[in-house]
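Since the structure comes first, as C-alpha cells, the remarks are kept for the end.
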Amino acid sequence: MSEALIPVTSIARRLARLEPSIVAAATRVARSGTVLLGPETEAFEAEFAQYVGKQRCVAVASGTEALRLSLVALGIGHGDEVIVPAFTAVPTAASVCATGATPVFVDVDEFTGAIDHESCAAAMNSKTRAVIVVHLYGRPAPFPELGIPIISDAAHAHGALTGANGLDAGATLTAYSFYPTKNLGGMGDGGAVVTDDEELAAKVRLLRTHGMTEGYVHREVSTNARMSEFEAAVLRSALRVLDDDNRARRRVAERLRLAAPMLRWQESHPDHVFHLLVARVADRERWRASLGFATGTHYPVALTRQPAYQRFVRAECPRAEAWAEECVSFPCFAELTSSEIAVVAESLERCQS
Ligand SMILES: Cc1ncc(COP(=O)(O)O)c(C=O)c1O
C-alpha cells in the first residue's frame with residue numbers, strides 16, 4: 001500500500017497521539033517494581049467492569065484467550081459443540097478448537113452480518129453447549145434464545161454494549177480484545193472477560209494463572225494467560241478517551257455513508273461503534289481499484305471456506321460466503337483529519353457502484 005493513500009486504520013497515529021500517557025504508564029510501572037498482576041491490572045479491571053456495566057472483569061493475555069477461558073470456565077471441552085457464526089475473524093472459532101470442542105458454523109444475516117437465529121436453532125443438538133455471538137464491526141448483535149450459555153464476542157464492540165443500553169445483558173460471559181487497532185487498543189496483545197457471574201469470573205481468574213491458588217498449589221490444569229501491568233496501565237488511560245474516539249468514528253461513518261447512500265452499507269444501529277465501517281460491493285476488486293484511498297477486507301474468507309476449518313462444515317452458509325466476497329472496509333478511525341475525510345467522501349461520491 002502506498003504511504004500516500006489514506007489508510008483504513010493507523011496504529012502509528014494512535015500511538016503518536018497517546019504517547020504522553022503511554023510514557024507516563026511505563027514510568028509508573030517501572031517505578032512500582034511490579035510487572036504482572038499488580039495495582040494497574042486491578043485498577044483496570046475495576047474501571048473496565050464499571051465502564052461496561054458488569055460486576056466482574058478479569059484481564060487476560062488476548063481476546064482469543066478471553067474466549068477460550070470463557071468456554072473452559074463453562075466446562076466446555078472434548079465432545080461438546082459450540083455454535084459460531086460462519087463470518088467472523090478466525091479466532092472466534094480457534095478458541096473453540098483450543099478447548100477440544102467442535103465449532104459448528106451457522107449462517108449470518110444478509111444485512112447486519114450478525115449470527116442468524118433460525119440457523120442457530122437448526123444447529124442445536126444434545127451436544128450443543130454454548131453459542132458465540134459476534135458484534136461484527138462494532139454493531140451490537142441480538143442474542144438468540146436457545147436456552148444455552150451465550151458468549152458475547154465483543155472484540156469489535158468496546159463502548160457499544162453498556163449497562164445503560166442493556167445490549168449485553170443476555171450474555172453469560174463477554175470477551176474483549178485489546179489488540180492495538182481495536183477501539184480500545186493497547187501496546188500489544190490483551191483481552192478481558194466480563195461477567196455478572198461471580199463464580200465464572202473466579203474460575204477465569206484461576207485459569208489465567210495455571211489454575212494456581214496459593215503458592216504453587218494448582219487446583220485446575222491450565223496455562224498462562226496473564227496481562228502485563230504495562231498493558232493494563234496503558235489501557236486505563238486509553239479507556240478515558242474511548243467515548244470521544246467512538247464519537248469521532250461515528251462522525252466519520254456518518255459522513256461517508258451520506259456521501260455514498262447507494263452503497264450496501266452494513267445496516268445501521270444507534271449503538272454501533274464502527275470498529276470497522278463496511279459496505280458490500282459486487283465486483284469488489286475492480287471497484288476499489290478506482291478509489292483514491294486505501295480499503296480493507298474484513299474478512300476475505302468465510303470460516304466455511306478456510307482450509308483449516310472446512311472439516312467442521314455441516315450446513316451451507318451462503319450469506320456468510322457472500323459477505324466474504326463483497327465486504328469492503330473504509331478508513332474510519334479517530335485520528336483521520338477533516339481534509340482526509342473530505343477526500344474519502346468525494347472519492348466515494350464519484351465511485352458509487
Ligand atoms: C471478532 C474477533 N474475535 C476475537 C478476536 C481475537 O482477539 P485477539 O487478537 O486479541 O486474540 C479478534 C481479533 O481480531 C476478533 O476480530
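Just so we're on the same page: first chain in the C-alpha cells is A, next is B, and so on; residues restart at 1 for each chain, and ligands are numbered from 1 in the order they show up.
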
Give me, as number ranges by chain, the set of residues whose atoms come within 9 Å of any atom of ligand 1, counting only C-alpha atoms and all ligand atoms. A: 61-67, 88-95, 134-137, 153-156, 175-182, 188-191, 298

Would you output that residue set with N, CA and C atoms, as an mmCIF file, in the first residue's frame?
data_model
loop_
_atom_site.group_PDB
_atom_site.id
_atom_site.type_symbol
_atom_site.label_atom_id
_atom_site.label_comp_id
_atom_site.auth_asym_id
_atom_site.auth_seq_id
_atom_site.Cartn_x
_atom_site.Cartn_y
_atom_site.Cartn_z
ATOM 1 N N ALA A 61 -4.541 -12.317 28.510
ATOM 2 C CA ALA A 61 -3.443 -12.040 27.568
ATOM 3 C C ALA A 61 -3.886 -11.629 26.167
ATOM 4 N N SER A 62 -5.100 -11.974 25.763
ATOM 5 C CA SER A 62 -5.574 -11.638 24.413
ATOM 6 C C SER A 62 -7.081 -11.876 24.345
ATOM 7 N N GLY A 63 -7.665 -11.436 23.233
ATOM 8 C CA GLY A 63 -9.089 -11.691 23.016
ATOM 9 C C GLY A 63 -9.357 -13.174 22.808
ATOM 10 N N THR A 64 -8.425 -13.842 22.145
ATOM 11 C CA THR A 64 -8.590 -15.287 21.919
ATOM 12 C C THR A 64 -8.597 -16.020 23.257
ATOM 13 N N GLU A 65 -7.701 -15.627 24.156
ATOM 14 C CA GLU A 65 -7.669 -16.240 25.487
ATOM 15 C C GLU A 65 -8.946 -15.910 26.273
ATOM 16 N N ALA A 66 -9.465 -14.709 26.077
ATOM 17 C CA ALA A 66 -10.712 -14.346 26.774
ATOM 18 C C ALA A 66 -11.835 -15.289 26.337
ATOM 19 N N LEU A 67 -11.900 -15.575 25.041
ATOM 20 C CA LEU A 67 -12.924 -16.507 24.545
ATOM 21 C C LEU A 67 -12.656 -17.927 25.053
ATOM 22 N N THR A 88 -16.729 -14.280 10.593
ATOM 23 C CA THR A 88 -16.100 -13.600 11.729
ATOM 24 C C THR A 88 -14.597 -13.767 11.569
ATOM 25 N N ALA A 89 -13.818 -13.170 12.483
ATOM 26 C CA ALA A 89 -12.374 -13.413 12.496
ATOM 27 C C ALA A 89 -12.136 -14.853 12.958
ATOM 28 N N VAL A 90 -11.107 -15.461 12.421
ATOM 29 C CA VAL A 90 -10.823 -16.871 12.731
ATOM 30 C C VAL A 90 -10.716 -17.151 14.236
ATOM 31 N N PRO A 91 -10.149 -16.240 15.066
ATOM 32 C CA PRO A 91 -10.008 -16.566 16.499
ATOM 33 C C PRO A 91 -11.310 -16.960 17.189
ATOM 34 N N THR A 92 -12.440 -16.492 16.687
ATOM 35 C CA THR A 92 -13.712 -16.879 17.307
ATOM 36 C C THR A 92 -13.830 -18.409 17.296
ATOM 37 N N ALA A 93 -13.510 -19.008 16.151
ATOM 38 C CA ALA A 93 -13.593 -20.471 16.041
ATOM 39 C C ALA A 93 -12.366 -21.153 16.643
ATOM 40 N N ALA A 94 -11.197 -20.505 16.508
ATOM 41 C CA ALA A 94 -9.953 -21.109 17.028
ATOM 42 C C ALA A 94 -10.053 -21.336 18.536
ATOM 43 N N SER A 95 -10.728 -20.409 19.221
ATOM 44 C CA SER A 95 -10.844 -20.539 20.679
ATOM 45 C C SER A 95 -11.635 -21.793 21.047
ATOM 46 N N VAL A 134 -21.045 -12.698 17.773
ATOM 47 C CA VAL A 134 -20.021 -11.685 17.446
ATOM 48 C C VAL A 134 -20.713 -10.373 17.090
ATOM 49 N N HIS A 135 -20.266 -9.306 17.714
ATOM 50 C CA HIS A 135 -20.823 -7.970 17.403
ATOM 51 C C HIS A 135 -19.980 -7.413 16.251
ATOM 52 N N LEU A 136 -20.272 -7.904 15.066
ATOM 53 C CA LEU A 136 -19.410 -7.696 13.901
ATOM 54 C C LEU A 136 -19.217 -6.223 13.572
ATOM 55 N N TYR A 137 -17.976 -5.828 13.476
ATOM 56 C CA TYR A 137 -17.540 -4.460 13.130
ATOM 57 C C TYR A 137 -17.910 -3.416 14.186
ATOM 58 N N ASP A 153 -18.863 -12.124 21.846
ATOM 59 C CA ASP A 153 -17.526 -11.786 21.333
ATOM 60 C C ASP A 153 -17.538 -10.304 20.986
ATOM 61 N N ALA A 154 -17.011 -9.491 21.927
ATOM 62 C CA ALA A 154 -17.069 -8.032 21.801
ATOM 63 C C ALA A 154 -15.720 -7.462 21.374
ATOM 64 N N ALA A 155 -14.938 -8.256 20.631
ATOM 65 C CA ALA A 155 -13.612 -7.803 20.183
ATOM 66 C C ALA A 155 -13.694 -6.524 19.355
ATOM 67 N N HIS A 156 -14.860 -6.279 18.713
ATOM 68 C CA HIS A 156 -15.028 -5.078 17.881
ATOM 69 C C HIS A 156 -15.894 -4.023 18.573
ATOM 70 N N ALA A 175 -16.299 -11.460 25.960
ATOM 71 C CA ALA A 175 -14.846 -11.456 25.721
ATOM 72 C C ALA A 175 -14.462 -10.234 24.902
ATOM 73 N N TYR A 176 -13.477 -9.482 25.400
ATOM 74 C CA TYR A 176 -12.945 -8.316 24.678
ATOM 75 C C TYR A 176 -11.512 -8.603 24.252
ATOM 76 N N SER A 177 -11.113 -7.979 23.140
ATOM 77 C CA SER A 177 -9.714 -7.971 22.697
ATOM 78 C C SER A 177 -9.211 -6.535 22.775
ATOM 79 N N PHE A 178 -7.959 -6.358 23.163
ATOM 80 C CA PHE A 178 -7.362 -5.016 23.157
ATOM 81 C C PHE A 178 -6.197 -4.951 22.173
ATOM 82 N N TYR A 179 -6.293 -5.734 21.114
ATOM 83 C CA TYR A 179 -5.318 -5.665 20.022
ATOM 84 C C TYR A 179 -5.200 -4.190 19.610
ATOM 85 N N PRO A 180 -3.985 -3.730 19.251
ATOM 86 C CA PRO A 180 -3.772 -2.283 19.083
ATOM 87 C C PRO A 180 -4.716 -1.539 18.132
ATOM 88 N N THR A 181 -5.277 -2.202 17.132
ATOM 89 C CA THR A 181 -6.194 -1.465 16.231
ATOM 90 C C THR A 181 -7.615 -1.370 16.785
ATOM 91 N N LYS A 182 -7.899 -2.047 17.877
ATOM 92 C CA LYS A 182 -9.277 -2.061 18.379
ATOM 93 C C LYS A 182 -9.673 -0.681 18.913
ATOM 94 N N GLY A 188 0.115 -3.995 22.759
ATOM 95 C CA GLY A 188 0.463 -5.349 22.313
ATOM 96 C C GLY A 188 -0.816 -6.153 22.415
ATOM 97 N N ASP A 189 -0.691 -7.420 22.765
ATOM 98 C CA ASP A 189 -1.904 -8.229 22.921
ATOM 99 C C ASP A 189 -2.501 -8.034 24.313
ATOM 100 N N GLY A 190 -3.810 -8.164 24.375
ATOM 101 C CA GLY A 190 -4.506 -8.076 25.657
ATOM 102 C C GLY A 190 -5.961 -8.427 25.448
ATOM 103 N N GLY A 191 -6.623 -8.810 26.518
ATOM 104 C CA GLY A 191 -8.047 -9.136 26.428
ATOM 105 C C GLY A 191 -8.670 -9.103 27.811
ATOM 106 N N HIS A 298 -12.396 -7.275 5.589
ATOM 107 C CA HIS A 298 -12.600 -7.974 6.873
ATOM 108 C C HIS A 298 -13.918 -8.743 6.801
#

Write out as a PyMOL selection string which residues come within 6 Å of His78 (chain A) when counting only C-alpha atoms, dropping same-chain ones fewer than 2 positions away. chain A and resi 80+100-101

One number please: CA of Met262 (chain A) to CA of Glu349 (chain A), in Å, one decimal.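 Separation between CA of Met262 (chain A) and CA of Glu349 (chain A): 9.6 Å.
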
As a list in words, please: the residues near Arg264 (chain A) (cut-off 10 Å, only C-alpha atoms, same-chain neighbours under 3 positions excluded). Phe111, Arg257, Ala260, Pro261, Glu267, Val278, Ala279, Arg280, Val281, Ala282, Glu326, Cys327 and Ser353 of chain A

In terms of the shortest atom-to-atom distance over only C-alpha atoms, which of A:Gly185, A:Pro142, A:Pro318, A:Pro103 is closest to Ser237 (chain A)?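 Once distances to Ser237 (chain A) are computed over only C-alpha atoms, the minimum belongs to A:Gly185.
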
Report, in Å to a single decimal, how far apart CA of Glu81 (chain A) and CA of Tyr309 (chain A) are.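 Going from CA of Tyr309 (chain A) over to CA of Glu81 (chain A), I get 14.3 Å.
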
Enumerate, as a PyMOL selection string, the complete set of residues in region 223-282 of chain A that a backbone-based DSSP assignment places in strand (DSSP E). chain A and resi 264-265+277-280

Go ahead and save the picked residues with all heavy atoms, as a PDB file, in the first residue's frame.
ATOM      1  N   ARG A 264     -24.232  -0.598  -0.411  1.00  0.00           N
ATOM      2  CA  ARG A 264     -24.925  -1.517   0.527  1.00  0.00           C
ATOM      3  C   ARG A 264     -24.131  -1.564   1.844  1.00  0.00           C
ATOM      4  O   ARG A 264     -23.352  -2.478   2.095  1.00  0.00           O
ATOM      5  CB  ARG A 264     -25.035  -2.908  -0.088  1.00  0.00           C
ATOM      6  CG  ARG A 264     -26.152  -3.002  -1.127  1.00  0.00           C
ATOM      7  CD  ARG A 264     -26.284  -4.420  -1.635  1.00  0.00           C
ATOM      8  NE  ARG A 264     -25.128  -4.821  -2.398  1.00  0.00           N
ATOM      9  CZ  ARG A 264     -24.642  -6.057  -2.431  1.00  0.00           C
ATOM     10  NH1 ARG A 264     -25.209  -7.021  -1.733  1.00  0.00           N
ATOM     11  NH2 ARG A 264     -23.585  -6.332  -3.157  1.00  0.00           N
ATOM     12  N   TRP A 265     -24.332  -0.549   2.662  1.00  0.00           N
ATOM     13  CA  TRP A 265     -23.640  -0.461   3.955  1.00  0.00           C
ATOM     14  C   TRP A 265     -24.185  -1.515   4.911  1.00  0.00           C
ATOM     15  O   TRP A 265     -25.371  -1.883   4.814  1.00  0.00           O
ATOM     16  CB  TRP A 265     -23.871   0.920   4.578  1.00  0.00           C
ATOM     17  CG  TRP A 265     -23.293   2.049   3.783  1.00  0.00           C
ATOM     18  CD1 TRP A 265     -23.975   2.897   2.952  1.00  0.00           C
ATOM     19  CD2 TRP A 265     -21.917   2.448   3.722  1.00  0.00           C
ATOM     20  NE1 TRP A 265     -23.110   3.800   2.384  1.00  0.00           N
ATOM     21  CE2 TRP A 265     -21.832   3.548   2.847  1.00  0.00           C
ATOM     22  CE3 TRP A 265     -20.751   1.980   4.335  1.00  0.00           C
ATOM     23  CZ2 TRP A 265     -20.639   4.192   2.556  1.00  0.00           C
ATOM     24  CZ3 TRP A 265     -19.556   2.624   4.053  1.00  0.00           C
ATOM     25  CH2 TRP A 265     -19.506   3.713   3.168  1.00  0.00           C
ATOM     26  N   LEU A 277     -15.940   0.296   9.336  1.00  0.00           N
ATOM     27  CA  LEU A 277     -17.037   0.823   8.532  1.00  0.00           C
ATOM     28  C   LEU A 277     -17.037   0.030   7.231  1.00  0.00           C
ATOM     29  O   LEU A 277     -16.075   0.103   6.458  1.00  0.00           O
ATOM     30  CB  LEU A 277     -16.810   2.314   8.262  1.00  0.00           C
ATOM     31  CG  LEU A 277     -17.747   2.952   7.241  1.00  0.00           C
ATOM     32  CD1 LEU A 277     -19.189   2.935   7.746  1.00  0.00           C
ATOM     33  CD2 LEU A 277     -17.299   4.380   6.935  1.00  0.00           C
ATOM     34  N   VAL A 278     -18.100  -0.742   7.028  1.00  0.00           N
ATOM     35  CA  VAL A 278     -18.074  -1.739   5.945  1.00  0.00           C
ATOM     36  C   VAL A 278     -19.314  -1.634   5.062  1.00  0.00           C
ATOM     37  O   VAL A 278     -20.432  -1.446   5.551  1.00  0.00           O
ATOM     38  CB  VAL A 278     -17.968  -3.169   6.547  1.00  0.00           C
ATOM     39  CG1 VAL A 278     -18.067  -4.241   5.455  1.00  0.00           C
ATOM     40  CG2 VAL A 278     -16.651  -3.321   7.304  1.00  0.00           C
ATOM     41  N   ALA A 279     -19.088  -1.770   3.766  1.00  0.00           N
ATOM     42  CA  ALA A 279     -20.192  -1.914   2.803  1.00  0.00           C
ATOM     43  C   ALA A 279     -19.919  -3.154   1.958  1.00  0.00           C
ATOM     44  O   ALA A 279     -18.787  -3.669   1.944  1.00  0.00           O
ATOM     45  CB  ALA A 279     -20.271  -0.679   1.916  1.00  0.00           C
ATOM     46  N   ARG A 280     -20.957  -3.610   1.280  1.00  0.00           N
ATOM     47  CA  ARG A 280     -20.787  -4.762   0.388  1.00  0.00           C
ATOM     48  C   ARG A 280     -20.848  -4.290  -1.052  1.00  0.00           C
ATOM     49  O   ARG A 280     -21.743  -3.532  -1.431  1.00  0.00           O
ATOM     50  CB  ARG A 280     -21.878  -5.790   0.675  1.00  0.00           C
ATOM     51  CG  ARG A 280     -21.666  -6.427   2.022  1.00  0.00           C
ATOM     52  CD  ARG A 280     -22.754  -7.382   2.345  1.00  0.00           C
ATOM     53  NE  ARG A 280     -22.899  -8.404   1.315  1.00  0.00           N
ATOM     54  CZ  ARG A 280     -23.715  -9.442   1.435  1.00  0.00           C
ATOM     55  NH1 ARG A 280     -24.444  -9.575   2.519  1.00  0.00           N
ATOM     56  NH2 ARG A 280     -23.808 -10.327   0.476  1.00  0.00           N
TER      57      ARG A 280
END

Do you know which residues are at most 10 Å from region 199-211 of chain A counting only C-alpha atoms, after dropping those on the same chain fewer than 5 positions away, and could you put them as a PDB file with N, CA, C and O atoms, in the first residue's frame?
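Now in around_11.pdb:
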ATOM      1  N   LEU A  37       0.142  -8.694  37.348  1.00  0.00           N
ATOM      2  CA  LEU A  37      -0.883  -8.902  38.375  1.00  0.00           C
ATOM      3  C   LEU A  37      -0.700  -7.977  39.582  1.00  0.00           C
ATOM      4  O   LEU A  37      -0.680  -8.435  40.719  1.00  0.00           O
ATOM      5  N   GLN A  55     -20.432  -6.814  36.715  1.00  0.00           N
ATOM      6  CA  GLN A  55     -19.929  -6.946  38.091  1.00  0.00           C
ATOM      7  C   GLN A  55     -18.436  -7.253  38.144  1.00  0.00           C
ATOM      8  O   GLN A  55     -17.733  -6.783  39.026  1.00  0.00           O
ATOM      9  N   ARG A  56     -17.962  -8.070  37.223  1.00  0.00           N
ATOM     10  CA  ARG A  56     -16.582  -8.552  37.303  1.00  0.00           C
ATOM     11  C   ARG A  56     -15.867  -8.443  35.957  1.00  0.00           C
ATOM     12  O   ARG A  56     -16.489  -8.647  34.909  1.00  0.00           O
ATOM     13  N   CYS A  57     -14.566  -8.159  36.040  1.00  0.00           N
ATOM     14  CA  CYS A  57     -13.712  -8.158  34.853  1.00  0.00           C
ATOM     15  C   CYS A  57     -12.425  -8.899  35.205  1.00  0.00           C
ATOM     16  O   CYS A  57     -11.858  -8.673  36.279  1.00  0.00           O
ATOM     17  N   VAL A  58     -11.990  -9.774  34.334  1.00  0.00           N
ATOM     18  CA  VAL A  58     -10.695 -10.441  34.503  1.00  0.00           C
ATOM     19  C   VAL A  58      -9.853 -10.135  33.270  1.00  0.00           C
ATOM     20  O   VAL A  58     -10.220 -10.505  32.152  1.00  0.00           O
ATOM     21  N   ALA A  59      -8.736  -9.425  33.480  1.00  0.00           N
ATOM     22  CA  ALA A  59      -7.848  -9.076  32.370  1.00  0.00           C
ATOM     23  C   ALA A  59      -7.010 -10.290  32.002  1.00  0.00           C
ATOM     24  O   ALA A  59      -6.489 -10.979  32.887  1.00  0.00           O
ATOM     25  N   VAL A  60      -6.899 -10.538  30.700  1.00  0.00           N
ATOM     26  CA  VAL A  60      -6.128 -11.703  30.235  1.00  0.00           C
ATOM     27  C   VAL A  60      -5.200 -11.302  29.086  1.00  0.00           C
ATOM     28  O   VAL A  60      -5.100 -10.122  28.739  1.00  0.00           O
ATOM     29  N   ALA A  61      -4.541 -12.317  28.510  1.00  0.00           N
ATOM     30  CA  ALA A  61      -3.443 -12.040  27.568  1.00  0.00           C
ATOM     31  C   ALA A  61      -3.886 -11.629  26.167  1.00  0.00           C
ATOM     32  O   ALA A  61      -3.118 -11.017  25.438  1.00  0.00           O
ATOM     33  N   GLU A  65      -7.701 -15.627  24.156  1.00  0.00           N
ATOM     34  CA  GLU A  65      -7.669 -16.240  25.487  1.00  0.00           C
ATOM     35  C   GLU A  65      -8.946 -15.910  26.273  1.00  0.00           C
ATOM     36  O   GLU A  65      -9.440 -16.744  27.035  1.00  0.00           O
ATOM     37  N   ALA A  66      -9.465 -14.709  26.077  1.00  0.00           N
ATOM     38  CA  ALA A  66     -10.712 -14.346  26.774  1.00  0.00           C
ATOM     39  C   ALA A  66     -11.835 -15.289  26.337  1.00  0.00           C
ATOM     40  O   ALA A  66     -12.629 -15.769  27.161  1.00  0.00           O
ATOM     41  N   ARG A  68     -11.413 -18.360  24.936  1.00  0.00           N
ATOM     42  CA  ARG A  68     -11.083 -19.742  25.324  1.00  0.00           C
ATOM     43  C   ARG A  68     -11.350 -19.970  26.811  1.00  0.00           C
ATOM     44  O   ARG A  68     -11.972 -20.968  27.199  1.00  0.00           O
ATOM     45  N   LEU A  69     -10.909 -19.029  27.654  1.00  0.00           N
ATOM     46  CA  LEU A  69     -11.105 -19.213  29.098  1.00  0.00           C
ATOM     47  C   LEU A  69     -12.592 -19.118  29.467  1.00  0.00           C
ATOM     48  O   LEU A  69     -13.030 -19.767  30.418  1.00  0.00           O
ATOM     49  N   SER A  70     -13.358 -18.335  28.721  1.00  0.00           N
ATOM     50  CA  SER A  70     -14.813 -18.295  28.951  1.00  0.00           C
ATOM     51  C   SER A  70     -15.411 -19.671  28.707  1.00  0.00           C
ATOM     52  O   SER A  70     -16.242 -20.166  29.482  1.00  0.00           O
ATOM     53  N   LEU A  71     -14.992 -20.296  27.610  1.00  0.00           N
ATOM     54  CA  LEU A  71     -15.504 -21.635  27.270  1.00  0.00           C
ATOM     55  C   LEU A  71     -15.078 -22.659  28.317  1.00  0.00           C
ATOM     56  O   LEU A  71     -15.894 -23.459  28.802  1.00  0.00           O
ATOM     57  N   VAL A  72     -13.797 -22.599  28.710  1.00  0.00           N
ATOM     58  CA  VAL A  72     -13.293 -23.582  29.687  1.00  0.00           C
ATOM     59  C   VAL A  72     -13.997 -23.376  31.032  1.00  0.00           C
ATOM     60  O   VAL A  72     -14.358 -24.340  31.709  1.00  0.00           O
ATOM     61  N   ALA A  73     -14.222 -22.115  31.400  1.00  0.00           N
ATOM     62  CA  ALA A  73     -14.898 -21.837  32.681  1.00  0.00           C
ATOM     63  C   ALA A  73     -16.311 -22.426  32.686  1.00  0.00           C
ATOM     64  O   ALA A  73     -16.827 -22.817  33.737  1.00  0.00           O
ATOM     65  N   LEU A  74     -16.919 -22.504  31.494  1.00  0.00           N
ATOM     66  CA  LEU A  74     -18.257 -23.107  31.397  1.00  0.00           C
ATOM     67  C   LEU A  74     -18.195 -24.638  31.376  1.00  0.00           C
ATOM     68  O   LEU A  74     -19.218 -25.303  31.260  1.00  0.00           O
ATOM     69  N   THR A 172     -23.704 -14.583  29.033  1.00  0.00           N
ATOM     70  CA  THR A 172     -23.200 -15.250  30.230  1.00  0.00           C
ATOM     71  C   THR A 172     -21.799 -14.715  30.544  1.00  0.00           C
ATOM     72  O   THR A 172     -21.479 -14.396  31.691  1.00  0.00           O
ATOM     73  N   LEU A 173     -20.985 -14.636  29.510  1.00  0.00           N
ATOM     74  CA  LEU A 173     -19.631 -14.057  29.621  1.00  0.00           C
ATOM     75  C   LEU A 173     -19.380 -13.254  28.348  1.00  0.00           C
ATOM     76  O   LEU A 173     -19.864 -13.629  27.272  1.00  0.00           O
ATOM     77  N   ALA A 192      -9.981  -9.281  27.857  1.00  0.00           N
ATOM     78  CA  ALA A 192     -10.658  -9.317  29.158  1.00  0.00           C
ATOM     79  C   ALA A 192     -11.942 -10.121  29.031  1.00  0.00           C
ATOM     80  O   ALA A 192     -12.566 -10.146  27.962  1.00  0.00           O
ATOM     81  N   VAL A 193     -12.302 -10.751  30.149  1.00  0.00           N
ATOM     82  CA  VAL A 193     -13.606 -11.403  30.260  1.00  0.00           C
ATOM     83  C   VAL A 193     -14.404 -10.580  31.250  1.00  0.00           C
ATOM     84  O   VAL A 193     -13.912 -10.275  32.343  1.00  0.00           O
ATOM     85  N   VAL A 194     -15.624 -10.206  30.886  1.00  0.00           N
ATOM     86  CA  VAL A 194     -16.504  -9.530  31.843  1.00  0.00           C
ATOM     87  C   VAL A 194     -17.771 -10.356  32.024  1.00  0.00           C
ATOM     88  O   VAL A 194     -18.235 -11.006  31.081  1.00  0.00           O
ATOM     89  N   TYR A 216       2.134 -22.192  44.444  1.00  0.00           N
ATOM     90  CA  TYR A 216       2.464 -23.439  43.749  1.00  0.00           C
ATOM     91  C   TYR A 216       1.522 -24.606  44.037  1.00  0.00           C
ATOM     92  O   TYR A 216       1.904 -25.761  43.893  1.00  0.00           O
ATOM     93  N   VAL A 217       0.283 -24.298  44.442  1.00  0.00           N
ATOM     94  CA  VAL A 217      -0.733 -25.350  44.537  1.00  0.00           C
ATOM     95  C   VAL A 217      -1.720 -25.100  43.402  1.00  0.00           C
ATOM     96  O   VAL A 217      -2.272 -24.004  43.295  1.00  0.00           O
ATOM     97  N   HIS A 218      -1.898 -26.116  42.543  1.00  0.00           N
ATOM     98  CA  HIS A 218      -2.700 -25.943  41.323  1.00  0.00           C
ATOM     99  C   HIS A 218      -4.022 -26.699  41.428  1.00  0.00           C
ATOM    100  O   HIS A 218      -4.030 -27.907  41.572  1.00  0.00           O
ATOM    101  N   ARG A 219      -5.140 -25.945  41.383  1.00  0.00           N
ATOM    102  CA  ARG A 219      -6.477 -26.539  41.519  1.00  0.00           C
ATOM    103  C   ARG A 219      -7.079 -26.915  40.174  1.00  0.00           C
ATOM    104  O   ARG A 219      -8.099 -27.580  40.116  1.00  0.00           O
ATOM    105  N   GLU A 220      -6.519 -26.384  39.107  1.00  0.00           N
ATOM    106  CA  GLU A 220      -7.004 -26.673  37.749  1.00  0.00           C
ATOM    107  C   GLU A 220      -5.783 -26.871  36.861  1.00  0.00           C
ATOM    108  O   GLU A 220      -4.742 -26.240  37.095  1.00  0.00           O
ATOM    109  N   VAL A 221      -5.939 -27.672  35.797  1.00  0.00           N
ATOM    110  CA  VAL A 221      -4.899 -27.744  34.778  1.00  0.00           C
ATOM    111  C   VAL A 221      -5.160 -26.588  33.824  1.00  0.00           C
ATOM    112  O   VAL A 221      -6.246 -26.470  33.262  1.00  0.00           O
ATOM    113  N   SER A 222      -4.209 -25.697  33.688  1.00  0.00           N
ATOM    114  CA  SER A 222      -4.426 -24.558  32.797  1.00  0.00           C
ATOM    115  C   SER A 222      -3.080 -24.039  32.289  1.00  0.00           C
ATOM    116  O   SER A 222      -2.072 -24.739  32.384  1.00  0.00           O
ATOM    117  N   THR A 223      -3.099 -22.833  31.750  1.00  0.00           N
ATOM    118  CA  THR A 223      -1.869 -22.250  31.207  1.00  0.00           C
ATOM    119  C   THR A 223      -1.753 -20.814  31.720  1.00  0.00           C
ATOM    120  O   THR A 223      -2.544 -20.369  32.546  1.00  0.00           O
ATOM    121  N   ASN A 224      -0.800 -20.091  31.140  1.00  0.00           N
ATOM    122  CA  ASN A 224      -0.588 -18.684  31.499  1.00  0.00           C
ATOM    123  C   ASN A 224      -1.345 -17.799  30.524  1.00  0.00           C
ATOM    124  O   ASN A 224      -1.121 -17.861  29.317  1.00  0.00           O
ATOM    125  N   ALA A 225      -2.239 -16.969  31.036  1.00  0.00           N
ATOM    126  CA  ALA A 225      -2.962 -16.026  30.174  1.00  0.00           C
ATOM    127  C   ALA A 225      -3.015 -14.657  30.860  1.00  0.00           C
ATOM    128  O   ALA A 225      -4.037 -13.979  30.847  1.00  0.00           O
ATOM    129  N   ARG A 226      -1.891 -14.273  31.473  1.00  0.00           N
ATOM    130  CA  ARG A 226      -1.874 -13.001  32.209  1.00  0.00           C
ATOM    131  C   ARG A 226      -1.724 -11.805  31.282  1.00  0.00           C
ATOM    132  O   ARG A 226      -1.117 -11.902  30.223  1.00  0.00           O
ATOM    133  N   MET A 227      -2.231 -10.652  31.738  1.00  0.00           N
ATOM    134  CA  MET A 227      -1.968  -9.369  31.077  1.00  0.00           C
ATOM    135  C   MET A 227      -0.845  -8.685  31.865  1.00  0.00           C
ATOM    136  O   MET A 227      -0.771  -8.817  33.090  1.00  0.00           O
TER     137      MET A 227
END

A:Thr195, A:Ser347, A:Thr162, A:Thr295 ranked by distance to Val52 (chain A), top pick (using only C-alpha atoms):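 Once distances to Val52 (chain A) are computed over only C-alpha atoms, the minimum belongs to A:Thr162.
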
In Å, how far is it from CA of Met212 (chain A) to CA of Met187 (chain A)?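 CA of Met212 (chain A) sits 27.1 Å away from CA of Met187 (chain A).
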
Write out as a list of chain:residue names the residues lying within 10 Å of Ile115 (chain A), counting only C-alpha atoms and excluding same-chain residues fewer than 2 positions away.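 The contact residues come out as A:Ile83, A:Val84, A:Pro85, A:Ala86, A:Phe87, A:Thr88, A:Phe105, A:Val106, A:Asp107, A:Val108, A:Asp109, A:Glu110, A:Thr112, A:Gly113, A:His117, A:Glu118, A:Ser119, A:Cys120, A:Val131, A:Ile132, A:Val133, A:Val134, A:His135, A:Leu136, A:Ala141, A:Pro142, A:Phe143, A:Pro144, A:Ala320.
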